[in-house]
Structures are given as C-alpha cells and as structure tokens.
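A.B. asks: Sending over a structure as structure tokens; questions will come in a sec.
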Amino acid sequence: MKEQQSFNHEEFKELGKLEMSKEVVLTLNGMGILAFFAFGFFFTSLYTVLIGNTVFNFTSGTILISLALFIGTIVLHELIHGAFMSKYGGKPSYGAGIAHFILPYFYATSKTIFSRNQFIVIAITPLVMISLVVIGIMAAFPSIAHWMFIPFVINASGAVGDVWMIRNVLRYPKHILLEDRKTGMIIYGKETDKPLNISTTGFVSRFSKVFILCFFAVGCLMGIAPIPLNILGVESLTIGPTNSIFTIFEYHSIGEGFGFNLYPLSILAISMIVGLVYAIIKTGKPRNDAMTG
C-alpha cells in the first residue's frame with residue numbers, strides 16, 4: 001500500500017535546502033575514501049572470523065566478475081532507494097552525474113514530499129539490506145565469500161552520503177517534510193520551526209583529532225594491559241582474529257613473566273573507523289541561524 005505524504009502549503013514553509021555544494025562534495029569524497037578502507041578492514045576481519053583465513057581465491061575471470069559486482073551493487077543500491085520511494089507514493093527516476101567534476105554519483109530521486117521518518121527509511125535501507133544479505137551469503141556459502149568484498153565495501157562506503165543526510169535530518173523535528181532532489185533536498189517545516197545552518201566545515205580537524213587520540217589511547221591501553229593481566233593470572237588473551245593480520249593484541253604468560261604483541265596496523269584501522277564515525281556525527285552541527293542555500 002502506498003503512503004504518500006500530504007502537504008499543506010499554508011501550514012508548512014521552506015526551511016532550507018541541503019545541496020551538493022563544492023564544500024559538501026569534497027567532504028563526502030573524503031568520507032567515502034576513508035569509509036572504503038574502514039569497511040575493507042571490517043569486511044576482512046569478518047571474513048577471517050567466518051572463513052578462518054585471509055586468503056582470497058580468484059580466477060581468470062576476476063576482472064569481469066569484479067566489474068559486474070561493482071555495477072550490480074550500485075544498481076541494486078539505487079533500486080532499493082527507488083522501491084521505498086514507490087512504497088511511500090513516489091515515482092522514482094534514476095541517473096548518474098559528476099558533482100563539480102569531482103564526485104561521480106548515481107541517484108534515485110523523486111519530487112514527492114516525504115515525512116522525515118519516511119526519508120530516513122528510504123536512505124538507510126540499501127545499506128542495511130545489502131550488508132545483511134552479503135554477510136548471510138558469506139556465512140552460508142564460504143566458497144564464494146571472497147567475492148562479497150566488492151558489494152559489501154562499495155555499498156557501505158557509497159552510503160556515506162546517505163548517512164550524512166540522515167544525520168542532518170535527525171536534527172529537525174519529526175514533523176518536517178522533505179522533497180528529494182537529484183543533488184539534494186528541500187526541507188519544509190512549520191512556521192514555528194527555526195532554520196538550521198548545516199555545514200561540512202571541520203570534518204578534517206575533527207577526524208584528525210579523534211584519530212590521533214584514539215590511536216595513542218588504544219596503544220597506551222594495550223601497552224599497560226599486560227601488567228594487570230599478569231597480576232590477575234590470565235594465561236592468554238587475544239583481541240581480534242587469532243593468527244591474523246587483523247589481530248589487535250596478544251598476551252600470554254611465560255613462566256613467572258609474560259609476553260605480548262601489539263599490531264599497529266589494526267590499531268590504525270580502528271582509530272580510522274572511530275575518527276570517521278565521530279567526524280560524521282559532529283561535522284556540521286547546526287546553529288540557530290538561517291540555512292544557506
């Protein structure tokens with residue numbers, strides 16, 4: 001059943017727009033690159049846990065299969081967006097472009113008015129659905145699990161823009177309405193609602209600050225951890241997949257002493273993920289003044 005949102009022009013006014021400005025495009029591009037490596041690390045760690053090794057077996061048709069999975073993932077991602085637009089009464093259209101000659105993008109759009117929660121469902125569903133299906137395939141069919149790297153990472157890193165939009169939309173009251181556009185959206189609210197200024201300024205500084213803090217904090221914690229573990233009489237402890245390049249920390253007692261190993265690359269990856277999440281959440285925290293655009 002289609003659930004199209006009614007829109008009363010007398011009750012609602014335009015609060016502002018979220019558009020793909022050059023600043024936003026550059027920031028989302030950076031977010032996407034960081035997310036690609038972060039989700040790549042997460043996938044490979046998950047692969048190690050489910051399959052038991054990090055050996056990816058490919059065939060002579062690797063390039064063609066990889067290309068098909070890449071294109072198929074993007075198409076499926078947008079089709080899922082479109083399916084939920086249709087569910088809420090929209091008529092989706094699809095296309096592709098290059099924002100400011102910097103960021104290639106694919107889109108599903110509809111000029112239908114959606115409620116805030118409808119928009120959130122439309123935006124987040126491809127990330128959730130494809131990720132769950134990929135993990136299910138990995139668990140059920142280990143022989144082809146390595147091929148799931150492409151749909152998992154491409155879908156997740158490509159959804160950074162969706163997550164950023166959701167994060168900004170959630171700062172508005174739930175009664176707001178949104179009109180989806182090819183390169184952004186228009187936000188409508190009641191007369192009593194205040195416009196919010198949303199900017200991507202500060203992403204790099206926030207990411208860098210938390211990335212560095214997390215790296216040194218985790219490193220110091222892991223460096224100190226063997227002392228209380230030895231006092232408590234712990235025989236051995238491993239954080240992360242055992243005997244893997246994704247192992248984070250290993251501890252083992254040796255007679256009256258102990259030994260431990262730290263893995264800087266894993267700590268770097270964790271710090272990157274934490275920094276990315278923090279920067280996405282905090283970047284562009286609205287101020288109570290007029291929204292630009």
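In the structure tokens, chains take letters A, B, ... by order of appearance, with residues numbered from 1 within each chain and ligands from 1 in the order shown.
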List as JSON lines every residue of segment 89-121 of chain A that is in contact with segment 143-164 of chain A, defined as an atom at most 10 Å from one of its atoms (using only C-alpha atoms), together with the nearest atom pair and the distance in Å rounded to one decimal, sorted by chain and then rising number.
C.D. replies:
```
{"residue": "A:Tyr105", "atom": "CA", "partner": "A:Gly158", "partner_atom": "CA", "distance": 9.0}
{"residue": "A:Phe106", "atom": "CA", "partner": "A:Gly158", "partner_atom": "CA", "distance": 9.7}
{"residue": "A:Ile120", "atom": "CA", "partner": "A:Asp162", "partner_atom": "CA", "distance": 8.8}
```
A.B. asks: Can you tell me which residues surround Ala108 of chain A at a distance of at most 9 Å, considering only C-alpha atoms, apart from same-chain residues fewer than 5 positions away, and format the answer as a ChimeraX atom specification?
C.D. replies: /A:78-82,85,92-96,181-182
A.B. asks: Write the residues you've just listed into a file as a compact mmCIF listing (two decimals), in the first residue's frame, and include N, CA and C atoms for each of them.
C.D. replies:
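Wrote it out as part11.txt, contents follow:
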```
# COMPACT_ATOMS: atom_id res chain seq x y z
N GLU A 78 20.56 1.70 -5.72
CA GLU A 78 19.61 2.73 -6.16
C GLU A 78 18.21 2.17 -6.35
N LEU A 79 18.11 0.93 -6.81
CA LEU A 79 16.79 0.31 -6.98
C LEU A 79 16.08 0.15 -5.64
N ILE A 80 16.84 -0.15 -4.60
CA ILE A 80 16.24 -0.27 -3.26
C ILE A 80 15.74 1.10 -2.79
N HIS A 81 16.55 2.14 -3.02
CA HIS A 81 16.07 3.50 -2.73
C HIS A 81 14.73 3.73 -3.45
N GLY A 82 14.72 3.42 -4.74
CA GLY A 82 13.53 3.66 -5.55
C GLY A 82 12.33 2.85 -5.11
N MET A 85 10.87 4.57 -2.21
CA MET A 85 10.19 5.80 -2.66
C MET A 85 8.80 5.45 -3.19
N PRO A 92 9.99 7.13 -8.67
CA PRO A 92 11.44 7.33 -8.76
C PRO A 92 11.95 7.41 -10.19
N SER A 93 12.98 8.21 -10.36
CA SER A 93 13.73 8.24 -11.62
C SER A 93 15.20 8.04 -11.26
N TYR A 94 15.97 7.55 -12.22
CA TYR A 94 17.35 7.16 -11.93
C TYR A 94 18.30 7.84 -12.91
N GLY A 95 19.55 8.00 -12.47
CA GLY A 95 20.53 8.61 -13.34
C GLY A 95 21.90 8.63 -12.70
N ALA A 96 22.82 9.35 -13.34
CA ALA A 96 24.19 9.46 -12.85
C ALA A 96 24.74 10.82 -13.23
N ARG A 181 15.58 15.76 -4.19
CA ARG A 181 16.02 16.24 -5.49
C ARG A 181 17.26 15.46 -5.92
N LYS A 182 17.63 15.61 -7.18
CA LYS A 182 18.74 14.85 -7.74
C LYS A 182 20.04 15.08 -6.97
```
A.B. asks: So what do you get for atom CA of Ile267 of chain A versus atom CA of Gly136 of chain A, distance-wise?
C.D. replies: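 Computed distance, atom CA of Ile267 of chain A to atom CA of Gly136 of chain A, equals 27.2 Å.
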A.B. asks: Once DSSP has gone over the backbone, tell me which residues of segment 109-282 of chain A are in strand (DSSP E), as a PyMOL selection string.
C.D. replies: chain A and resi 109+113-115+177-181+184-190+236-239+249-254+257-262
A.B. asks: Within 12 Å of Ile254 of chain A, counting only C-alpha atoms, which residues qualify if same-chain residues fewer than 3 places away don't, as a ChimeraX atom specification?
C.D. replies: /A:226,230,233-236,251,257-260
A.B. asks: Keeping N, CA and C atoms for every residue in the selection just given, could you write it to a file as a PDB file, in the first residue's frame?
C.D. replies:
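Written file, out_27.pdb:
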```pdb
ATOM      1  N   PRO A 226      49.073  -5.715  29.840  1.00  0.00           N
ATOM      2  CA  PRO A 226      49.719  -6.945  30.319  1.00  0.00           C
ATOM      3  C   PRO A 226      49.998  -6.972  31.819  1.00  0.00           C
ATOM      4  N   ASN A 230      48.713  -9.987  34.061  1.00  0.00           N
ATOM      5  CA  ASN A 230      49.672 -10.851  34.750  1.00  0.00           C
ATOM      6  C   ASN A 230      49.329 -10.977  36.230  1.00  0.00           C
ATOM      7  N   GLY A 233      46.551 -13.288  36.809  1.00  0.00           N
ATOM      8  CA  GLY A 233      46.845 -14.680  36.490  1.00  0.00           C
ATOM      9  C   GLY A 233      46.247 -15.168  35.184  1.00  0.00           C
ATOM     10  N   VAL A 234      45.982 -14.261  34.262  1.00  0.00           N
ATOM     11  CA  VAL A 234      45.426 -14.642  32.961  1.00  0.00           C
ATOM     12  C   VAL A 234      46.486 -15.381  32.154  1.00  0.00           C
ATOM     13  N   GLU A 235      46.136 -16.538  31.616  1.00  0.00           N
ATOM     14  CA  GLU A 235      47.088 -17.342  30.853  1.00  0.00           C
ATOM     15  C   GLU A 235      47.350 -16.749  29.470  1.00  0.00           C
ATOM     16  N   SER A 236      46.275 -16.390  28.778  1.00  0.00           N
ATOM     17  CA  SER A 236      46.429 -15.817  27.438  1.00  0.00           C
ATOM     18  C   SER A 236      45.186 -15.016  27.076  1.00  0.00           C
ATOM     19  N   TYR A 251      48.357 -11.544  24.288  1.00  0.00           N
ATOM     20  CA  TYR A 251      49.045 -11.639  25.580  1.00  0.00           C
ATOM     21  C   TYR A 251      49.152 -13.111  25.961  1.00  0.00           C
ATOM     22  N   GLY A 257      56.806 -14.667  34.076  1.00  0.00           N
ATOM     23  CA  GLY A 257      56.670 -13.401  33.364  1.00  0.00           C
ATOM     24  C   GLY A 257      55.543 -13.457  32.344  1.00  0.00           C
ATOM     25  N   PHE A 258      55.636 -12.603  31.353  1.00  0.00           N
ATOM     26  CA  PHE A 258      54.599 -12.570  30.319  1.00  0.00           C
ATOM     27  C   PHE A 258      55.178 -11.973  29.036  1.00  0.00           C
ATOM     28  N   GLY A 259      54.477 -12.216  27.954  1.00  0.00           N
ATOM     29  CA  GLY A 259      54.832 -11.627  26.668  1.00  0.00           C
ATOM     30  C   GLY A 259      53.582 -11.092  25.996  1.00  0.00           C
ATOM     31  N   PHE A 260      53.748 -10.091  25.149  1.00  0.00           N
ATOM     32  CA  PHE A 260      52.580  -9.557  24.440  1.00  0.00           C
ATOM     33  C   PHE A 260      53.016  -8.937  23.114  1.00  0.00           C
TER      34      PHE A 260
END
```
A.B. asks: Restrict the calculation to only C-alpha atoms, then for each residue of segment 129-231 of chain A with any atom at most 7 Å from an atom of segment 9-19 of chain A give the closest atom pair and their distance in Å to one decimal, rows by chain and rising residue number, as a Markdown table.
C.D. replies:
```
| residue | atom | partner | partner_atom | distance |
| --- | --- | --- | --- | --- |
| A:Thr183 | CA | A:Glu19 | CA | 5.9 |
| A:Gly184 | CA | A:Glu19 | CA | 4.3 |
| A:Met185 | CA | A:Leu18 | CA | 5.3 |
| A:Ile186 | CA | A:Lys17 | CA | 4.5 |
| A:Ile187 | CA | A:Gly16 | CA | 5.5 |
| A:Tyr188 | CA | A:Glu14 | CA | 4.4 |
| A:Gly189 | CA | A:Phe12 | CA | 5.1 |
| A:Lys190 | CA | A:Phe12 | CA | 4.6 |
| A:Glu191 | CA | A:Lys13 | CA | 6.5 |
| A:Pro195 | CA | A:Leu15 | CA | 5.1 |
```
A.B. asks: Using C-alpha atoms, can you export the residues from the last selection as an mmCIF file, in the first residue's frame?
C.D. replies:
```cif
data_model
loop_
_atom_site.group_PDB
_atom_site.id
_atom_site.type_symbol
_atom_site.label_atom_id
_atom_site.label_comp_id
_atom_site.auth_asym_id
_atom_site.auth_seq_id
_atom_site.Cartn_x
_atom_site.Cartn_y
_atom_site.Cartn_z
ATOM 1 C CA THR A 183 21.548 16.617 -5.877
ATOM 2 C CA GLY A 184 19.987 17.324 -2.505
ATOM 3 C CA MET A 185 16.668 18.011 -0.851
ATOM 4 C CA ILE A 186 14.326 20.788 0.248
ATOM 5 C CA ILE A 187 13.233 20.861 3.878
ATOM 6 C CA TYR A 188 9.789 22.111 4.895
ATOM 7 C CA GLY A 189 8.647 22.850 8.415
ATOM 8 C CA LYS A 190 6.037 24.691 10.401
ATOM 9 C CA GLU A 191 6.064 28.433 10.997
ATOM 10 C CA PRO A 195 16.034 27.109 10.049
#
```
A.B. asks: Rounded to one decimal, what separation in Å do you get between atom CA of Ala279 of chain A and atom CA of Phe207 of chain A?
C.D. replies: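 It comes out at 5.1 Å.
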A.B. asks: Quick one: residues within 10 Å of Cys214 of chain A, only C-alpha atoms counted, chain neighbours fewer than 2 positions away excluded, as a PDB file with C-alpha atoms, in the first residue's frame?
C.D. replies:
```
ATOM      1  CA  SER A 208      42.299  14.023  12.781  1.00  0.00           C
ATOM      2  CA  LYS A 209      41.808  14.898  16.443  1.00  0.00           C
ATOM      3  CA  VAL A 210      39.888  11.736  17.309  1.00  0.00           C
ATOM      4  CA  PHE A 211      42.025   9.535  15.042  1.00  0.00           C
ATOM      5  CA  ILE A 212      45.234  10.609  16.802  1.00  0.00           C
ATOM      6  CA  PHE A 216      47.570   6.738  21.172  1.00  0.00           C
ATOM      7  CA  ALA A 217      44.891   5.867  23.744  1.00  0.00           C
ATOM      8  CA  VAL A 218      44.436   2.326  22.404  1.00  0.00           C
ATOM      9  CA  GLY A 219      48.188   1.900  22.019  1.00  0.00           C
ATOM     10  CA  CYS A 220      48.848   3.016  25.598  1.00  0.00           C
ATOM     11  CA  ILE A 267      45.056  -0.062  15.787  1.00  0.00           C
ATOM     12  CA  LEU A 268      45.341   2.420  12.903  1.00  0.00           C
ATOM     13  CA  ILE A 270      40.239   1.042  14.463  1.00  0.00           C
ATOM     14  CA  SER A 271      41.288   4.646  15.018  1.00  0.00           C
ATOM     15  CA  MET A 272      40.248   5.483  11.454  1.00  0.00           C
ATOM     16  CA  ILE A 273      36.792   3.977  11.987  1.00  0.00           C
ATOM     17  CA  VAL A 274      36.281   5.797  15.297  1.00  0.00           C
ATOM     18  CA  GLY A 275      37.518   9.081  13.820  1.00  0.00           C
TER      19      GLY A 275
END
```
A.B. asks: Check segment 44-132 of chain A with DSSP on the backbone and list each residue it calls helix (DSSP H, G or I), as an mmCIF file with C-alpha atoms, in the first residue's frame.
C.D. replies:
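The result, written out as part.cif:
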```
data_model
loop_
_atom_site.group_PDB
_atom_site.id
_atom_site.type_symbol
_atom_site.label_atom_id
_atom_site.label_comp_id
_atom_site.auth_asym_id
_atom_site.auth_seq_id
_atom_site.Cartn_x
_atom_site.Cartn_y
_atom_site.Cartn_z
ATOM 1 C CA THR A 44 38.372 -8.731 6.009
ATOM 2 C CA SER A 45 38.171 -9.135 9.778
ATOM 3 C CA LEU A 46 34.675 -10.579 9.425
ATOM 4 C CA TYR A 47 35.895 -12.828 6.611
ATOM 5 C CA THR A 48 38.675 -14.121 8.863
ATOM 6 C CA VAL A 49 36.208 -14.887 11.650
ATOM 7 C CA LEU A 50 33.711 -16.672 9.377
ATOM 8 C CA ILE A 51 36.086 -18.420 6.974
ATOM 9 C CA THR A 62 38.330 -11.858 -11.792
ATOM 10 C CA ILE A 63 38.184 -8.537 -13.640
ATOM 11 C CA LEU A 64 34.873 -9.246 -15.366
ATOM 12 C CA ILE A 65 33.243 -10.644 -12.231
ATOM 13 C CA SER A 66 34.533 -7.729 -10.154
ATOM 14 C CA LEU A 67 33.182 -5.223 -12.670
ATOM 15 C CA ALA A 68 29.809 -6.979 -12.744
ATOM 16 C CA LEU A 69 29.617 -6.978 -8.938
ATOM 17 C CA PHE A 70 30.634 -3.314 -8.795
ATOM 18 C CA ILE A 71 27.978 -2.193 -11.280
ATOM 19 C CA GLY A 72 25.387 -4.583 -9.877
ATOM 20 C CA THR A 73 25.891 -3.279 -6.340
ATOM 21 C CA ILE A 74 25.411 0.338 -7.415
ATOM 22 C CA VAL A 75 22.310 -0.501 -9.450
ATOM 23 C CA LEU A 76 20.808 -2.579 -6.631
ATOM 24 C CA HIS A 77 21.540 0.175 -4.108
ATOM 25 C CA GLU A 78 19.610 2.733 -6.158
ATOM 26 C CA LEU A 79 16.795 0.315 -6.981
ATOM 27 C CA ILE A 80 16.239 -0.266 -3.264
ATOM 28 C CA HIS A 81 16.066 3.501 -2.731
ATOM 29 C CA GLY A 82 13.529 3.661 -5.552
ATOM 30 C CA ALA A 83 11.475 0.754 -4.238
ATOM 31 C CA PHE A 84 10.933 2.501 -0.921
ATOM 32 C CA MET A 85 10.191 5.797 -2.656
ATOM 33 C CA SER A 86 7.447 3.920 -4.512
ATOM 34 C CA LYS A 87 6.229 2.416 -1.241
ATOM 35 C CA ARG A 116 11.238 12.770 7.963
ATOM 36 C CA ASN A 117 10.934 9.143 9.039
ATOM 37 C CA GLN A 118 9.968 8.007 5.542
ATOM 38 C CA PHE A 119 13.061 9.716 4.172
ATOM 39 C CA ILE A 120 15.249 8.016 6.778
ATOM 40 C CA VAL A 121 13.871 4.594 5.800
ATOM 41 C CA ILE A 122 14.447 5.346 2.106
ATOM 42 C CA ALA A 123 18.010 6.487 2.762
ATOM 43 C CA ILE A 124 19.205 3.775 5.159
ATOM 44 C CA THR A 125 17.545 0.650 3.731
ATOM 45 C CA PRO A 126 20.097 -0.125 0.953
ATOM 46 C CA LEU A 127 22.969 -0.024 3.447
ATOM 47 C CA VAL A 128 21.186 -2.336 5.882
ATOM 48 C CA MET A 129 19.676 -4.768 3.372
ATOM 49 C CA ILE A 130 22.728 -5.303 1.187
ATOM 50 C CA SER A 131 25.065 -5.600 4.189
ATOM 51 C CA LEU A 132 22.867 -8.252 5.820
#
```
A.B. asks: Could you jot down the atom CA of Leu196 of chain A to atom CA of Leu28 of chain A separation for me, Å, one decimal place?
C.D. replies: 19.8 Å
